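**Q** This is the structure I want to talk about, given as structure tokens.
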Amino acid sequence: MPGTLLLDSEGLSKLYLKDRAVVALVQGASEEGMRVATTAMTTLEADYERIHPARIRWVLSRIDVRDVTKDITDHAAVLLRSHRLHGHKYAIDAVLAVVARTAPGPVTVLTSDPEDLSLLCESAIEVIKV
């Protein structure tokens with residue numbers, strides 16, 4: 001079973017910037033048939049001026065960008081409440097965790113914030129710091 005490699009904003013930013021370690025992980029995952037994905041919210045968080053828009057479009061054309069639906073945000077709100085978390089600091093991580101929980105497994109999340117995502121993701125989801 002191939003599974004899913006999910007990128008948070010730092011993972012996506014490093015892919016935009018051609019970080020060797022992240023590029024190698026993404027290429028390896030793709031070669032193994034894994035789905036490489038992120039969320040639409042994550043693309044917004046990772047989109048900043050140091051990256052040329054053409055580079056952003058090219059990278060995003062090669063990965064699965066999951067829409068953030070009301071159903072996903074409802075589940076994220078429940079997840080936040082269950083962990084007694086709130087606010088913008090955790091909102092995007094909660095959305096990413098909901099997507100990770102529903103993605104075809106096994107699921108690996110590349111993140112700069114392994115503590116928060118490990119808390120919000122199920123134990124079966126591997127969280128790797130980038």
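Here's how to read the names in the structure tokens: chain A, B, ... by the order shown, residue numbers from 1 in each chain, ligand numbers from 1 in the order shown.
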So which residues touch stretch 114-129 of chain A within 9 Å, counting only C-alpha atoms, skipping near sequence neighbours fewer than 5 positions away, as a ChimeraX atom specification?
**A** /A:11,79-80,83,90,93-94,96-98,100-101,105-109
**Q** If you count only C-alpha atoms, which residues fall within 12 Å of A:Leu60, apart from same-chain ones fewer than 2 positions away, as a ChimeraX atom specification?
**A** /A:7,12-13,15-16,36-40,42-44,46-47,53-58,62-66
**Q** Quick one: of A:Ser82, A:Asp67, A:Val59, A:Asp113, who's nearest to A:Lys14, counting only C-alpha atoms?
**A**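 Answer, going by the shortest atom-to-atom distance: A:Val59.
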**Q** Apply DSSP to the structure's backbone, then extract all residues of stretch 15-127 of chain A labelled alpha helix (DSSP H) and return them as a PyMOL selection string.
**A** chain A and resi 15-16+20-31+40-46+53-60+70-82+88-102+114-120
**Q** Pick from A:Ala21, A:Leu6, A:Ile72, A:Met34: nearest to A:Val95, with only C-alpha atoms counted?
**A**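 When distances to A:Val95 are compared using only C-alpha atoms, the smallest one comes from A:Ile72.
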**Q** Quick one: distance from atom CA of A:Gly33 to atom CA of A:Thr73 in Å, one decimal?
**A**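 Going from atom CA of A:Gly33 over to atom CA of A:Thr73 covers 28.2 Å.
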**Q** Grab the atom CA of A:Asp8 to atom CA of A:Glu45 distance for me, in Å with one decimal place.
**A**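 Atom CA of A:Glu45 lies at a distance of 9.0 Å from atom CA of A:Asp8.
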